[in-house]
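Peer 1: mmCIF, N, CA and C atoms, file structure38.cif:
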data_my_file
#
loop_
_atom_site.label_atom_id
_atom_site.label_comp_id
_atom_site.auth_asym_id
_atom_site.auth_seq_id
_atom_site.Cartn_x
_atom_site.Cartn_y
_atom_site.Cartn_z
N MET A 1459 0.86 -1.18 0.00
CA MET A 1459 0.00 0.00 0.00
C MET A 1459 0.90 1.24 0.00
N PRO A 1460 0.64 2.18 -0.91
CA PRO A 1460 1.44 3.42 -0.91
C PRO A 1460 1.31 4.16 0.43
N ILE A 1461 2.33 4.91 0.75
CA ILE A 1461 2.37 5.63 2.03
C ILE A 1461 1.16 6.53 2.20
N ILE A 1462 0.79 7.28 1.17
CA ILE A 1462 -0.33 8.21 1.29
C ILE A 1462 -1.63 7.48 1.61
N ASP A 1463 -1.85 6.33 0.98
CA ASP A 1463 -3.06 5.55 1.26
C ASP A 1463 -3.06 5.04 2.69
N ARG A 1464 -1.91 4.60 3.14
CA ARG A 1464 -1.80 4.10 4.52
C ARG A 1464 -2.07 5.22 5.52
N GLU A 1465 -1.49 6.38 5.29
CA GLU A 1465 -1.68 7.51 6.20
C GLU A 1465 -3.13 8.01 6.18
N LEU A 1466 -3.73 8.07 5.00
CA LEU A 1466 -5.13 8.48 4.92
C LEU A 1466 -6.03 7.46 5.63
N ALA A 1467 -5.73 6.19 5.47
CA ALA A 1467 -6.52 5.15 6.15
C ALA A 1467 -6.40 5.29 7.67
N LEU A 1468 -5.20 5.54 8.16
CA LEU A 1468 -5.01 5.74 9.60
C LEU A 1468 -5.73 6.99 10.09
N PHE A 1469 -5.66 8.06 9.31
CA PHE A 1469 -6.31 9.32 9.66
C PHE A 1469 -7.82 9.16 9.72
N VAL A 1470 -8.41 8.56 8.70
CA VAL A 1470 -9.86 8.36 8.66
C VAL A 1470 -10.29 7.45 9.80
N LYS A 1471 -9.55 6.39 10.05
CA LYS A 1471 -9.88 5.46 11.13
C LYS A 1471 -9.82 6.16 12.48
N ASP A 1472 -8.80 6.96 12.69
CA ASP A 1472 -8.63 7.66 13.95
C ASP A 1472 -9.71 8.71 14.18
N VAL A 1473 -10.06 9.46 13.16
CA VAL A 1473 -11.00 10.56 13.32
C VAL A 1473 -12.46 10.10 13.22
N LEU A 1474 -12.76 9.29 12.22
CA LEU A 1474 -14.14 8.89 11.97
C LEU A 1474 -14.49 7.49 12.47
N ALA A 1475 -13.48 6.73 12.84
CA ALA A 1475 -13.67 5.33 13.25
C ALA A 1475 -14.33 4.52 12.15
N GLU A 1476 -13.91 4.78 10.91
CA GLU A 1476 -14.41 4.06 9.74
C GLU A 1476 -13.23 3.48 8.97
N ASP A 1477 -13.49 2.42 8.23
CA ASP A 1477 -12.48 1.89 7.33
C ASP A 1477 -12.42 2.78 6.09
N PHE A 1478 -11.21 3.06 5.63
CA PHE A 1478 -11.01 3.93 4.47
C PHE A 1478 -11.43 3.22 3.20
N LYS A 1479 -12.15 3.93 2.34
CA LYS A 1479 -12.66 3.35 1.09
C LYS A 1479 -11.57 3.18 0.04
N SER A 1480 -10.46 3.83 0.17
CA SER A 1480 -9.24 3.72 -0.64
C SER A 1480 -9.28 4.32 -2.05
N SER A 1481 -10.45 4.55 -2.64
CA SER A 1481 -10.47 5.20 -3.95
C SER A 1481 -11.87 5.72 -4.27
N GLY A 1482 -11.91 6.62 -5.23
CA GLY A 1482 -13.17 7.14 -5.72
C GLY A 1482 -13.75 8.25 -4.86
N PRO A 1483 -14.95 8.69 -5.23
CA PRO A 1483 -15.59 9.80 -4.52
C PRO A 1483 -15.86 9.52 -3.04
N GLU A 1484 -16.11 8.28 -2.68
CA GLU A 1484 -16.35 7.95 -1.27
C GLU A 1484 -15.10 8.22 -0.43
N ALA A 1485 -13.94 7.88 -0.98
CA ALA A 1485 -12.69 8.12 -0.27
C ALA A 1485 -12.44 9.61 -0.10
N ILE A 1486 -12.70 10.37 -1.14
CA ILE A 1486 -12.52 11.83 -1.05
C ILE A 1486 -13.47 12.41 -0.02
N GLY A 1487 -14.71 11.91 -0.01
CA GLY A 1487 -15.69 12.35 0.98
C GLY A 1487 -15.27 12.03 2.40
N GLN A 1488 -14.71 10.84 2.59
CA GLN A 1488 -14.25 10.46 3.92
C GLN A 1488 -13.12 11.37 4.40
N VAL A 1489 -12.17 11.65 3.55
CA VAL A 1489 -11.05 12.51 3.92
C VAL A 1489 -11.57 13.92 4.21
N ALA A 1490 -12.49 14.41 3.38
CA ALA A 1490 -13.06 15.74 3.60
C ALA A 1490 -13.80 15.80 4.93
N ASN A 1491 -14.57 14.77 5.26
CA ASN A 1491 -15.28 14.73 6.54
C ASN A 1491 -14.32 14.65 7.71
N ALA A 1492 -13.27 13.88 7.57
CA ALA A 1492 -12.28 13.77 8.65
C ALA A 1492 -11.58 15.11 8.87
N ILE A 1493 -11.22 15.79 7.78
CA ILE A 1493 -10.58 17.10 7.91
C ILE A 1493 -11.53 18.09 8.57
N ALA A 1494 -12.80 18.09 8.14
CA ALA A 1494 -13.79 19.00 8.74
C ALA A 1494 -13.95 18.73 10.23
N ASP A 1495 -14.01 17.46 10.62
CA ASP A 1495 -14.12 17.11 12.04
C ASP A 1495 -12.91 17.62 12.83
N GLU A 1496 -11.72 17.46 12.26
CA GLU A 1496 -10.52 17.91 12.94
C GLU A 1496 -10.49 19.43 13.08
N ILE A 1497 -10.95 20.15 12.06
CA ILE A 1497 -11.00 21.61 12.13
C ILE A 1497 -11.98 22.04 13.22
N ILE A 1498 -13.13 21.40 13.29
CA ILE A 1498 -14.12 21.71 14.32
C ILE A 1498 -13.56 21.40 15.70
N ASN A 1499 -12.90 20.25 15.84
CA ASN A 1499 -12.31 19.89 17.13
C ASN A 1499 -11.24 20.90 17.56
N LEU A 1500 -10.44 21.36 16.62
CA LEU A 1500 -9.43 22.36 16.93
C LEU A 1500 -10.09 23.67 17.35
N HIS A 1501 -11.13 24.06 16.64
CA HIS A 1501 -11.86 25.28 16.96
C HIS A 1501 -12.44 25.20 18.38
N LEU A 1502 -13.08 24.08 18.71
CA LEU A 1502 -13.63 23.90 20.05
C LEU A 1502 -12.54 23.92 21.11
N TYR A 1503 -11.44 23.27 20.83
CA TYR A 1503 -10.32 23.25 21.77
C TYR A 1503 -9.81 24.67 22.04
N LEU A 1504 -9.58 25.41 20.97
CA LEU A 1504 -9.05 26.77 21.13
C LEU A 1504 -10.04 27.69 21.82
N ASP A 1505 -11.33 27.53 21.53
CA ASP A 1505 -12.36 28.34 22.18
C ASP A 1505 -12.46 28.07 23.67
N ASN A 1506 -12.06 26.89 24.09
CA ASN A 1506 -12.24 26.49 25.48
C ASN A 1506 -10.96 26.48 26.30
N LEU A 1507 -9.87 26.98 25.77
CA LEU A 1507 -8.62 27.00 26.53
C LEU A 1507 -8.74 27.81 27.81
N GLU A 1508 -9.36 28.96 27.73
CA GLU A 1508 -9.51 29.80 28.91
C GLU A 1508 -10.40 29.13 29.95
N THR A 1509 -11.49 28.54 29.51
CA THR A 1509 -12.39 27.83 30.42
C THR A 1509 -11.68 26.65 31.06
N LYS A 1510 -10.90 25.93 30.27
CA LYS A 1510 -10.15 24.78 30.78
C LYS A 1510 -9.17 25.23 31.86
N GLU A 1511 -8.48 26.32 31.62
CA GLU A 1511 -7.51 26.84 32.59
C GLU A 1511 -8.20 27.23 33.90
N LYS A 1512 -9.36 27.88 33.81
CA LYS A 1512 -10.11 28.27 35.01
C LYS A 1512 -10.56 27.05 35.79
N LEU A 1513 -11.07 26.05 35.09
CA LEU A 1513 -11.52 24.82 35.75
C LEU A 1513 -10.35 24.11 36.42
N ARG A 1514 -9.23 24.05 35.73
CA ARG A 1514 -8.04 23.38 36.28
C ARG A 1514 -7.57 24.09 37.55
N LYS A 1515 -7.57 25.41 37.52
CA LYS A 1515 -7.15 26.18 38.69
C LYS A 1515 -8.09 25.93 39.86
N ALA A 1516 -9.40 25.92 39.60
CA ALA A 1516 -10.38 25.67 40.65
C ALA A 1516 -10.20 24.27 41.25
N TRP A 1517 -9.97 23.27 40.41
CA TRP A 1517 -9.75 21.91 40.90
C TRP A 1517 -8.47 21.82 41.71
N ASP A 1518 -7.42 22.44 41.23
CA ASP A 1518 -6.15 22.43 41.96
C ASP A 1518 -6.31 23.05 43.34
N GLU A 1519 -7.00 24.19 43.41
CA GLU A 1519 -7.23 24.85 44.69
C GLU A 1519 -8.08 23.99 45.61
N LYS A 1520 -9.10 23.36 45.06
CA LYS A 1520 -9.99 22.52 45.86
C LYS A 1520 -9.22 21.34 46.46
N PHE A 1521 -8.43 20.67 45.64
CA PHE A 1521 -7.71 19.51 46.14
C PHE A 1521 -6.52 19.88 47.01
N SER A 1522 -5.94 21.04 46.78
CA SER A 1522 -4.86 21.51 47.65
C SER A 1522 -5.42 21.79 49.05
N ALA A 1523 -6.58 22.42 49.10
CA ALA A 1523 -7.22 22.71 50.38
C ALA A 1523 -7.60 21.41 51.09
N ALA A 1524 -8.09 20.43 50.36
CA ALA A 1524 -8.47 19.14 50.95
C ALA A 1524 -7.24 18.43 51.50
N GLY A 1525 -6.13 18.50 50.79
CA GLY A 1525 -4.89 17.88 51.25
C GLY A 1525 -4.34 18.54 52.50
N GLU A 1526 -4.45 19.85 52.57
CA GLU A 1526 -3.99 20.58 53.75
C GLU A 1526 -4.84 20.24 54.96
N LYS A 1527 -6.14 20.06 54.77
CA LYS A 1527 -7.02 19.69 55.89
C LYS A 1527 -6.65 18.32 56.44
N LYS A 1528 -6.30 17.38 55.55
CA LYS A 1528 -5.92 16.05 55.99
C LYS A 1528 -4.64 16.11 56.83
N LYS A 1529 -3.68 16.94 56.40
CA LYS A 1529 -2.43 17.06 57.13
C LYS A 1529 -2.66 17.63 58.53
N ASP A 1530 -3.61 18.54 58.65
CA ASP A 1530 -3.92 19.16 59.93
C ASP A 1530 -4.73 18.24 60.84
N GLY A 1531 -5.30 17.19 60.26
CA GLY A 1531 -6.14 16.28 61.03
C GLY A 1531 -7.60 16.70 61.06
N SER A 1532 -7.91 17.81 60.44
CA SER A 1532 -9.32 18.23 60.39
C SER A 1532 -9.98 17.68 59.13
N ARG A 1533 -11.28 17.72 59.14
CA ARG A 1533 -12.01 17.21 57.98
C ARG A 1533 -12.79 18.27 57.30
#
Rewrite the structure of this file - the entire thing - as structure tokens.
Peer 2:
Amino acid sequence: MPIIDRELALFVKDVLAEDFKSSGPEAIGQVANAIADEIINLHLYLDNLETKEKLRKAWDEKFSAAGEKKKDGSR
């Protein structure tokens, strides 16, 4: 199998969880759908970086406080 076909098959399988059609309009459609999904996923990821950071900070503070209470013997 040529390298490009192998890489496209891996990409489609990873993104769409489908077997690659390997040729013709169906294959082009699969690659286009996989690319569109990846662009949307990237867009969602970038839009939520700030929210992710805020949530991570809140969780870190919550668990840090819980750990300090355990060390003190309080609950």
Peer 1: Using all atoms listed in the file, can you tell me which of A:Leu1474, A:Ala1467, A:Ile1461, A:Glu1519 comes closest to Asn1491 (chain A)?
Peer 2: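 When distances to Asn1491 (chain A) are compared using all atoms listed in the file, the smallest one comes from A:Leu1474.
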Peer 1: Would you give me, as a VMD selection string, the residues in chain A that DSSP reads as helix (DSSP H, G or I)?
Peer 2: chain A and resid 1461 to 1474 1482 to 1505 1507 to 1530
Peer 1: Within 5 Å of (-11.7, 7.5, 4.8), in the coordinates the file gives, what residues turn up when you count all atoms listed in the file, written out as a ChimeraX atom specification?
Peer 2: /A:1470,1477-1479,1488-1489
Peer 1: By how many Å are CA of Asn1506 (chain A) and CA of Phe1521 (chain A) apart?
Peer 2: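 A separation of 22.3 Å between them.
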Peer 1: Axis-aligned box over every listed atom of region 1470-1489 of chain A, padded by 3 Å per side: centre and edges in Å to one decimal, as JSON?
Peer 2:
{"center_x": -12.4, "center_y": 7.9, "center_z": 4.2, "size_x": 13.9, "size_y": 18.0, "size_z": 25.9}
Peer 1: Report the distance between CA of Leu1504 (chain A) and CA of Ala1475 (chain A) in Å, rounded to one decimal place.
Peer 2: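 Computing the Euclidean distance for CA of Leu1504 (chain A) and CA of Ala1475 (chain A) yields 23.3 Å.
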Peer 1: Between CA of Leu1502 (chain A) and atom C of Glu1484 (chain A), what is the spacing in Å?
Peer 2: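 Distance reported for this atom pair: 25.8 Å.
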